[in-house]
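Shown below: structure_25.txt, with compact mmCIF, C-alpha atoms.
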```txt
# COMPACT_ATOMS: atom_id res chain seq x y z
CA MET F 299 20.07 6.99 -10.23
CA ASP F 300 17.29 5.63 -12.45
CA THR F 301 16.84 1.97 -11.51
CA GLY F 302 13.79 2.16 -9.25
CA ARG F 303 10.10 1.86 -10.00
CA ALA F 304 6.77 1.70 -8.25
CA GLN F 305 3.29 0.53 -9.15
CA PHE F 306 0.00 1.10 -7.36
CA GLY F 307 -2.88 -0.47 -9.26
CA GLN F 308 -2.91 1.23 -12.67
CA ARG F 309 -0.38 3.90 -11.68
CA VAL F 310 3.22 3.11 -12.74
CA LEU F 311 6.08 5.40 -11.67
CA THR F 312 9.55 5.20 -13.24
CA GLY F 313 12.67 7.32 -13.52
CA VAL F 314 14.02 8.05 -10.05
CA ALA F 315 14.84 11.75 -9.69
CA ALA F 316 15.25 12.26 -5.94
CA ILE F 317 15.07 10.50 -2.59
CA THR F 318 14.22 12.25 0.66
CA HIS F 319 13.57 11.33 4.27
CA ASP F 320 11.81 14.60 5.08
CA PRO F 321 8.09 14.92 4.29
CA ALA F 322 8.57 18.68 4.05
CA ASP F 323 10.32 18.05 0.70
CA VAL F 324 7.15 16.59 -0.84
CA GLN F 325 5.93 19.82 -2.43
CA SER F 326 5.88 19.12 -6.16
CA GLY F 327 6.13 16.10 -8.47
CA SER F 328 5.05 12.45 -8.26
CA TRP F 329 6.26 10.43 -5.30
CA ALA F 330 6.21 6.91 -3.91
CA VAL F 331 6.22 6.82 -0.11
CA VAL F 332 7.20 4.22 2.47
CA ALA F 333 7.09 5.24 6.12
CA THR F 334 7.96 2.63 8.72
CA PHE F 335 5.83 2.27 11.84
CA GLU F 336 8.81 3.54 13.81
CA GLY F 337 8.71 6.81 11.84
CA GLU F 338 11.48 6.47 9.23
CA PHE F 339 10.07 8.32 6.23
CA THR F 340 11.29 7.64 2.68
CA ALA F 341 9.84 9.32 -0.39
CA VAL F 342 11.09 8.81 -3.96
CA ARG F 343 10.29 11.35 -6.67
CA PHE F 344 9.82 9.90 -10.17
CA THR F 345 10.02 11.66 -13.51
CA ARG F 346 7.48 9.52 -15.37
CA THR F 347 3.93 8.52 -14.46
CA GLU F 348 1.85 6.17 -16.59
CA VAL F 349 -1.75 5.27 -15.81
CA LEU F 350 -2.53 1.91 -17.39
CA PRO F 351 -5.88 1.32 -19.12
CA ASP F 352 -8.19 -1.02 -17.22
CA SER F 353 -7.65 -3.94 -19.59
CA ARG F 354 -3.86 -3.62 -19.48
CA ALA F 355 -3.85 -3.33 -15.68
CA ASP F 356 -5.96 -6.48 -15.45
CA THR F 357 -3.53 -8.34 -17.70
CA GLU F 358 -0.56 -7.19 -15.68
CA ALA F 359 -2.29 -8.23 -12.46
CA ARG F 360 -2.26 -11.78 -13.82
CA GLY F 361 1.50 -11.49 -14.30
CA ASP F 362 1.33 -11.79 -18.11
CA VAL F 363 3.00 -8.48 -19.03
CA ARG F 364 4.76 -5.56 -17.44
CA ALA F 365 4.42 -1.86 -18.17
CA GLU F 366 6.37 -0.97 -21.30
CA THR F 367 9.15 1.05 -19.68
CA PRO F 368 12.91 0.44 -19.72
CA GLU F 369 12.95 -0.08 -15.94
CA THR F 370 10.26 -2.78 -15.86
CA PRO F 371 11.51 -6.22 -16.93
CA GLU F 372 9.63 -9.42 -17.60
CA THR F 373 7.94 -10.66 -14.45
CA PRO F 374 10.11 -13.40 -12.90
CA ALA F 375 8.63 -16.59 -11.53
CA TRP F 376 8.35 -16.68 -7.75
CA PRO F 377 10.18 -19.78 -6.44
CA GLY F 378 8.15 -20.34 -3.26
CA LEU F 379 9.68 -20.96 0.16
CA ASP F 380 10.61 -24.18 1.96
CA GLY F 381 9.96 -24.86 5.62
CA PRO F 382 8.36 -22.91 8.47
CA TRP F 383 8.45 -19.18 9.07
CA ARG F 384 10.01 -17.77 12.22
CA THR F 385 7.94 -15.43 14.42
CA SER F 386 9.03 -12.63 16.72
CA LEU F 387 6.38 -13.68 19.28
CA ASP F 388 5.30 -17.31 19.66
CA ARG F 389 1.83 -18.21 20.90
CA ALA F 390 2.81 -18.18 24.57
CA ALA F 391 4.54 -14.80 24.33
CA TYR F 392 1.72 -13.29 22.29
CA THR F 393 -1.08 -14.41 24.60
CA ALA F 394 0.96 -13.21 27.59
CA GLY F 395 1.20 -9.85 25.84
CA VAL F 396 -2.58 -9.76 25.44
CA GLU F 397 -2.98 -10.36 29.17
CA ARG F 398 -0.48 -7.62 29.94
CA ILE F 399 -2.43 -5.17 27.77
CA ARG F 400 -5.65 -6.11 29.57
CA GLU F 401 -3.90 -5.23 32.84
CA HIS F 402 -3.01 -1.81 31.40
CA ILE F 403 -6.65 -1.35 30.38
CA ALA F 404 -7.81 -2.33 33.86
CA ASP F 405 -5.58 0.30 35.48
CA GLY F 406 -6.94 2.96 33.11
CA SER F 407 -3.75 3.81 31.20
CA VAL F 408 -5.09 2.72 27.79
CA TYR F 409 -8.29 1.55 26.09
CA GLN F 410 -6.99 -0.39 23.11
CA VAL F 411 -3.58 -1.54 21.86
CA ASN F 412 -2.65 -3.22 18.59
CA LEU F 413 -0.26 -6.11 19.36
CA CYS F 414 1.75 -7.43 16.41
CA ARG F 415 4.33 -10.03 15.54
CA VAL F 416 6.72 -10.20 12.60
CA LEU F 417 7.20 -13.39 10.60
CA GLU F 418 10.37 -13.98 8.60
CA HIS F 419 11.82 -16.50 6.17
CA ASP F 420 15.18 -16.73 4.44
CA LEU F 421 15.00 -15.92 0.74
CA PRO F 422 16.51 -18.27 -1.83
CA PRO F 423 19.30 -16.75 -3.95
CA GLY F 424 17.95 -14.71 -6.84
CA ALA F 425 14.36 -14.51 -5.54
CA ASP F 426 12.74 -11.40 -7.01
CA LEU F 427 9.79 -9.86 -5.20
CA ASP F 428 8.30 -8.84 -8.56
CA GLY F 429 7.28 -12.49 -8.86
CA LEU F 430 5.71 -12.43 -5.41
CA ALA F 431 3.84 -9.22 -6.27
CA ALA F 432 2.37 -10.84 -9.40
CA ARG F 433 1.34 -13.88 -7.39
CA LEU F 434 -0.42 -11.71 -4.78
CA ARG F 435 -2.21 -9.62 -7.40
CA ALA F 436 -3.62 -12.82 -8.87
CA GLY F 437 -4.31 -14.72 -5.64
CA ASN F 438 -5.11 -11.93 -3.17
CA PRO F 439 -6.30 -8.82 -5.02
CA ALA F 440 -6.35 -5.78 -2.73
CA PRO F 441 -7.66 -2.25 -3.25
CA PHE F 442 -4.39 -0.65 -2.12
CA ALA F 443 -1.88 -3.09 -3.56
CA GLY F 444 1.55 -1.69 -4.30
CA ARG F 445 5.06 -2.65 -5.38
CA ILE F 446 8.05 -0.41 -4.68
CA VAL F 447 11.63 -1.35 -5.52
CA VAL F 448 14.23 1.40 -5.26
CA PRO F 449 17.65 -0.08 -4.41
CA GLU F 450 19.22 3.33 -3.79
CA ALA F 451 16.65 3.94 -1.05
CA GLY F 452 16.79 0.43 0.37
CA LEU F 453 13.15 -0.23 -0.59
CA ASP F 454 11.94 -3.66 -1.71
CA VAL F 455 8.28 -3.83 -0.70
CA VAL F 456 5.16 -5.69 -1.82
CA CYS F 457 1.90 -4.43 -0.33
CA ALA F 458 -1.53 -6.10 -0.52
CA SER F 459 -3.28 -3.76 1.89
CA PRO F 460 -7.07 -3.50 2.14
CA GLU F 461 -6.85 -0.36 4.32
CA ALA F 462 -6.58 3.32 3.37
CA TYR F 463 -4.50 5.38 5.77
CA LEU F 464 -5.04 8.63 3.86
CA ARG F 465 -6.67 9.53 0.55
CA ARG F 466 -6.49 13.10 -0.65
CA ASP F 467 -8.24 14.99 -3.42
CA GLY F 468 -7.50 18.69 -3.22
CA GLU F 469 -8.31 19.83 0.31
CA ARG F 470 -10.52 16.82 1.05
CA ILE F 471 -8.78 14.09 3.07
CA VAL F 472 -10.22 10.72 4.13
CA SER F 473 -8.94 8.02 6.47
CA SER F 474 -10.61 4.60 6.49
CA PRO F 475 -9.51 2.57 9.51
CA ILE F 476 -10.18 -1.15 9.66
CA LYS F 477 -11.00 -2.60 13.06
CA GLY F 478 -12.87 -5.86 13.38
CA THR F 479 -11.86 -9.04 11.55
CA ALA F 480 -13.59 -12.40 11.29
CA PRO F 481 -13.91 -15.28 8.80
CA THR F 482 -17.53 -14.21 8.16
CA LEU F 483 -19.73 -11.28 9.16
CA ALA F 484 -21.83 -13.59 11.35
CA GLU F 485 -18.71 -14.36 13.41
CA MET F 486 -17.94 -10.70 14.16
CA LEU F 487 -18.03 -9.98 17.90
CA PRO F 488 -19.41 -6.98 19.86
CA LYS F 489 -15.78 -6.36 20.82
CA ASP F 490 -15.00 -5.75 17.13
CA VAL F 491 -17.64 -3.02 16.82
CA ALA F 492 -16.52 -1.36 20.06
CA GLU F 493 -12.91 -1.39 18.88
CA ASN F 494 -13.86 0.21 15.56
CA VAL F 495 -15.79 3.01 17.28
CA MET F 496 -12.84 3.74 19.60
CA ILE F 497 -10.44 4.09 16.69
CA ALA F 498 -12.91 6.17 14.67
CA ASP F 499 -12.89 8.69 17.51
CA LEU F 500 -9.08 8.68 17.57
CA ILE F 501 -8.95 9.33 13.81
CA ARG F 502 -11.43 12.20 14.20
CA ASN F 503 -9.09 13.73 16.77
CA ASP F 504 -6.01 13.25 14.54
CA LEU F 505 -7.63 14.83 11.47
CA SER F 506 -9.04 17.73 13.49
CA ARG F 507 -5.44 18.88 14.08
CA VAL F 508 -5.01 19.72 10.36
CA CYS F 509 -8.59 20.23 9.13
CA GLU F 510 -10.90 23.24 9.17
CA PRO F 511 -13.00 23.32 12.34
CA GLY F 512 -16.38 21.67 11.89
CA THR F 513 -15.41 19.75 8.74
CA VAL F 514 -14.31 16.44 10.26
CA ALA F 515 -17.08 13.86 10.11
CA VAL F 516 -17.64 10.11 10.17
CA GLU F 517 -19.15 9.36 6.76
CA ARG F 518 -19.38 5.58 7.16
CA LEU F 519 -19.26 3.62 10.42
CA CYS F 520 -18.48 -0.09 10.88
CA ALA F 521 -19.37 -1.01 7.30
CA PRO F 522 -18.61 -4.67 6.47
CA GLU F 523 -16.15 -5.29 3.63
CA GLU F 524 -15.33 -8.72 2.25
CA HIS F 525 -11.74 -9.50 1.34
CA PRO F 526 -10.13 -12.81 0.34
CA GLY F 527 -10.65 -15.22 3.23
CA LEU F 528 -12.09 -12.75 5.77
CA VAL F 529 -14.41 -9.84 6.53
CA HIS F 530 -13.46 -6.45 8.01
CA LEU F 531 -15.40 -3.57 9.56
CA VAL F 532 -14.40 -0.27 7.93
CA THR F 533 -15.09 3.34 8.89
CA ASP F 534 -14.56 6.48 6.79
CA VAL F 535 -13.54 9.72 8.53
CA ALA F 536 -13.22 12.79 6.28
CA GLY F 537 -12.33 16.45 6.62
CA ARG F 538 -11.20 19.55 4.71
CA LEU F 539 -7.56 20.52 5.20
CA ARG F 540 -6.76 24.00 6.42
CA ALA F 541 -5.15 26.32 3.87
CA GLY F 542 -1.39 25.94 3.73
CA THR F 543 -1.31 22.48 5.34
CA THR F 544 1.80 20.57 4.23
CA TRP F 545 2.47 16.85 4.10
CA ALA F 546 4.82 17.31 7.04
CA ASP F 547 1.85 18.71 8.99
CA VAL F 548 -0.39 15.82 7.96
CA PHE F 549 2.11 13.14 8.98
CA ALA F 550 2.86 14.88 12.27
CA ALA F 551 -0.85 14.93 13.11
CA THR F 552 -1.86 11.44 12.04
CA PHE F 553 1.14 9.07 12.06
CA PRO F 554 1.39 6.25 12.92
CA PRO F 555 -2.11 5.21 11.84
CA GLY F 556 -4.49 4.91 14.76
CA SER F 557 -5.89 1.57 13.68
CA VAL F 558 -2.52 -0.13 14.15
CA SER F 559 -1.40 1.68 17.29
CA GLY F 560 -4.21 2.16 19.80
CA ALA F 561 -5.98 4.65 22.03
CA PRO F 562 -4.77 6.87 23.53
CA LYS F 563 -2.05 6.69 20.92
CA SER F 564 0.83 7.86 23.11
CA SER F 565 0.12 5.24 25.79
CA ALA F 566 -0.42 2.52 23.20
CA LEU F 567 2.93 3.26 21.54
CA ARG F 568 4.73 3.01 24.87
CA ILE F 569 3.14 -0.38 25.57
CA ILE F 570 3.92 -1.62 22.04
CA GLY F 571 7.55 -0.66 22.60
CA ASP F 572 7.60 -2.70 25.81
CA LEU F 573 5.93 -5.82 24.41
CA GLU F 574 7.08 -6.21 20.80
CA PRO F 575 10.69 -7.46 20.44
CA ALA F 576 11.06 -6.71 16.72
CA PRO F 577 10.55 -3.44 14.83
CA ARG F 578 7.55 -3.47 12.52
CA GLY F 579 9.28 -1.65 9.67
CA PRO F 580 6.97 -0.90 6.71
CA TYR F 581 4.33 -3.14 8.30
CA CYS F 582 1.73 -0.86 9.94
CA GLY F 583 3.43 2.17 8.41
CA ALA F 584 2.35 4.07 5.29
CA ILE F 585 2.80 2.86 1.70
CA GLY F 586 1.53 4.62 -1.41
CA TRP F 587 1.78 7.56 -3.76
CA ILE F 588 1.48 11.34 -3.68
CA ASP F 589 0.97 13.58 -6.72
CA ALA F 590 1.90 16.89 -5.15
CA ASP F 591 1.16 18.84 -8.35
CA ALA F 592 -2.39 17.51 -8.68
CA GLY F 593 -3.06 17.60 -4.94
CA THR F 594 -3.99 13.91 -4.88
CA ALA F 595 -2.68 10.96 -2.90
CA GLU F 596 -3.45 7.42 -1.84
CA LEU F 597 -1.55 6.01 1.11
CA ALA F 598 -2.32 2.58 2.52
CA VAL F 599 -1.78 1.34 6.03
CA GLY F 600 1.06 -1.12 5.43
CA ILE F 601 -0.76 -4.26 6.49
CA ARG F 602 -0.64 -7.51 4.45
CA THR F 603 2.84 -6.38 3.43
CA PHE F 604 6.06 -8.21 2.59
CA TRP F 605 9.49 -6.59 2.51
CA SER F 606 13.04 -7.88 2.11
CA THR F 607 16.06 -6.92 4.17
CA ASP F 608 19.62 -8.15 4.54
CA GLY F 609 20.07 -10.70 7.33
CA PRO F 610 23.24 -12.18 8.86
CA SER F 611 23.26 -15.03 6.34
CA GLY F 612 21.55 -13.48 3.32
CA ARG F 613 18.30 -11.81 2.32
CA VAL F 614 15.26 -12.25 4.55
CA LEU F 615 11.56 -11.83 3.69
CA ARG F 616 9.40 -10.34 6.44
CA PHE F 617 5.64 -10.10 6.96
CA GLY F 618 3.68 -8.71 9.92
CA THR F 619 0.38 -9.68 11.48
CA GLY F 620 -1.47 -8.45 14.55
CA ALA F 621 -4.75 -7.79 16.33
CA GLY F 622 -6.38 -5.03 18.32
CA ILE F 623 -6.60 -5.80 22.03
CA THR F 624 -9.41 -4.47 24.25
CA TRP F 625 -10.71 -5.42 27.67
CA GLY F 626 -13.04 -7.91 25.97
CA SER F 627 -10.20 -9.72 24.17
CA ASP F 628 -9.66 -13.45 24.56
CA PRO F 629 -5.90 -14.14 24.31
CA GLY F 630 -6.33 -17.35 22.30
CA GLY F 631 -8.83 -15.68 20.01
CA GLU F 632 -6.48 -12.78 19.32
CA TRP F 633 -3.68 -15.21 18.43
CA SER F 634 -6.09 -16.95 16.05
CA GLU F 635 -6.90 -13.58 14.46
CA THR F 636 -3.21 -13.02 13.70
CA GLU F 637 -3.09 -16.45 12.06
CA LEU F 638 -6.24 -15.75 10.03
CA LYS F 639 -4.84 -12.48 8.69
CA ALA F 640 -1.53 -14.10 7.73
CA ALA F 641 -2.71 -17.49 6.44
CA ARG F 642 -3.65 -16.71 2.84
CA LEU F 643 -0.66 -14.49 2.08
CA ILE F 644 1.88 -16.74 3.76
CA ARG F 645 0.47 -19.66 1.78
CA LEU F 646 0.77 -17.72 -1.48
CA ALA F 647 4.36 -16.74 -0.65
CA SER F 648 5.31 -20.29 0.33
CA GLU F 649 3.72 -22.37 -2.40
CA LYS F 650 6.02 -23.82 -5.04
CA VAL F 651 5.22 -23.38 -8.71
CA ALA F 652 3.48 -26.50 -10.01
CA SER F 653 5.76 -28.47 -12.32
```
Write the structure described by the file as structure tokens, please.
Amino acid sequence: MDTGRAQFGQRVLTGVAAITHDPADVQSGSWAVVATFEGEFTAVRFTRTEVLPDSRADTEARGDVRAETPETPETPAWPGLDGPWRTSLDRAAYTAGVERIREHIADGSVYQVNLCRVLEHDLPPGADLDGLAARLRAGNPAPFAGRIVVPEAGLDVVCASPEAYLRRDGERIVSSPIKGTAPTLAEMLPKDVAENVMIADLIRNDLSRVCEPGTVAVERLCAPEEHPGLVHLVTDVAGRLRAGTTWADVFAATFPPGSVSGAPKSSALRIIGDLEPAPRGPYCGAIGWIDADAGTAELAVGIRTFWSTDGPSGRVLRFGTGAGITWGSDPGGEWSETELKAARLIRLASEKVAS
């Protein structure tokens, strides 16, 4: 069992030693983690960790070389994809879902719900997501990009996330929810700011369940961040973990991420289950690495993420997109936000290599 690998920026993990579905097992060693939005947790422990120098990481991001390990082959060319993508919710169904959420808000059962749809496309025979990962690193660089392929664990994931679910350094833990998306900062709406503040409060509540009293604080609120093709509002919420807190405790307190569920979280999850016909999978879950020996970790919210699964007629590539719905939401505008978030990455995945 030594055929898997993972890469997160300059960090390359190889040599699969163990696979677990219980976060309580993450007590020592270096791990790659994929947790689906529905709560299926998979962690892979690796025997080797290499941190690439900046210049080498930059070269690899362009797809010119791979890390020099037996498990990491030459980067294959990505073939591109023909024809349209299928969607779990079409425009009519999505906008109807927005209206239904607004009804729930009006009756006081919820304040905000993230409504998502999953796009999918059949994969051509032999398509290797390593090629897609290289294309995304070059065409859509992201601070929490990741590539995990572990066949024994059923993982074949490419992440280009701009959002940190959890970052840990010793007992300090930080969550950086994104709420508020627009083509430019000038086009951001008051609704976007209100949504961000709501979720910041939810994250404060989540972290307070595992942090020392009085240590949870908002360190940055609604800060604009530019990413390829759009602008986000980002908030940092930090705290100091209580002594003896395990990763099982942290996930139980904070998962799924508040920015992609809603507030109150329990009500939002019930509404999501009623309105979304397809499971989100790794999309909106957690993707990243944990170094349990060093007490460090970087887990992204699994947005801007592709993953492959087996379909009835072959392999299928999936990608999720969504928007946060509040009382001030315009159904057509929320649909447009899902298109904005997906447009650049779907284009990169679909484009054929120039001959």
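Nearest residue to Gly612 of chain F among F:His419, F:Arg309, F:Arg389, F:Arg398 is F:His419, counting only C-alpha atoms.
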Subject >> Neighbour list for Asp323 of chain F as a PyMOL selection string, cut-off 9 Å, all atoms listed in the file, skip fewer than 4 positions in-chain >> reply: chain F and resi 318-319+341+545-546
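Ranking F:Gly556, F:Pro481, F:Gly406, F:Gly542 by their shortest atom-to-atom distance to Glu510 of chain F, with only C-alpha atoms included, puts F:Gly542 first.
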**OP:** Please provide the set of residues having any atom within 10 Å of Asp504 of chain F, restricted to all atoms listed in the file, with same-chain residues fewer than 2 positions apart removed, written as a PyMOL selection string.
**Re:** chain F and resi 498-502+506-509+514+548-553+555-556+563
Print the selection's residues with C-alpha atoms to a file, as an mmCIF file, in the frame of the given file.
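Result written to result-v6.cif:
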```cif
data_model
loop_
_atom_site.group_PDB
_atom_site.id
_atom_site.type_symbol
_atom_site.label_atom_id
_atom_site.label_comp_id
_atom_site.auth_asym_id
_atom_site.auth_seq_id
_atom_site.Cartn_x
_atom_site.Cartn_y
_atom_site.Cartn_z
ATOM 1 C CA ALA F 498 -12.910 6.170 14.670
ATOM 2 C CA ASP F 499 -12.890 8.690 17.510
ATOM 3 C CA LEU F 500 -9.080 8.680 17.570
ATOM 4 C CA ILE F 501 -8.950 9.330 13.810
ATOM 5 C CA ARG F 502 -11.430 12.200 14.200
ATOM 6 C CA SER F 506 -9.040 17.730 13.490
ATOM 7 C CA ARG F 507 -5.440 18.880 14.080
ATOM 8 C CA VAL F 508 -5.010 19.720 10.360
ATOM 9 C CA CYS F 509 -8.590 20.230 9.130
ATOM 10 C CA VAL F 514 -14.310 16.440 10.260
ATOM 11 C CA VAL F 548 -0.390 15.820 7.960
ATOM 12 C CA PHE F 549 2.110 13.140 8.980
ATOM 13 C CA ALA F 550 2.860 14.880 12.270
ATOM 14 C CA ALA F 551 -0.850 14.930 13.110
ATOM 15 C CA THR F 552 -1.860 11.440 12.040
ATOM 16 C CA PHE F 553 1.140 9.070 12.060
ATOM 17 C CA PRO F 555 -2.110 5.210 11.840
ATOM 18 C CA GLY F 556 -4.490 4.910 14.760
ATOM 19 C CA LYS F 563 -2.050 6.690 20.920
#
```
Original post:
Which residues come within 9 Å of Leu387 of chain F, counting only C-alpha atoms, excluding same-chain residues fewer than 6 positions away, as a count of residues only?
Top reply: 7
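You will find atom CA of Ala431 of chain F at 21.8 Å from atom CA of Ser328 of chain F.
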**OP:** Measuring atom to atom with all atoms listed in the file, identify which of F:Asp426, F:Asp420, F:Asp454, F:Asp352 is nearest to Gly302 of chain F.
**Re:** F:Asp454
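Atom pair atom CA of Leu615 of chain F / atom CA of Pro441 of chain F has a distance of 22.6 Å (rounded to one decimal).
Minimum atom-to-atom distance to Asn412 of chain F, evaluated using only C-alpha atoms, belongs to F:Glu632 out of F:Glu632, F:Pro382, F:Ala492, F:Ile588.
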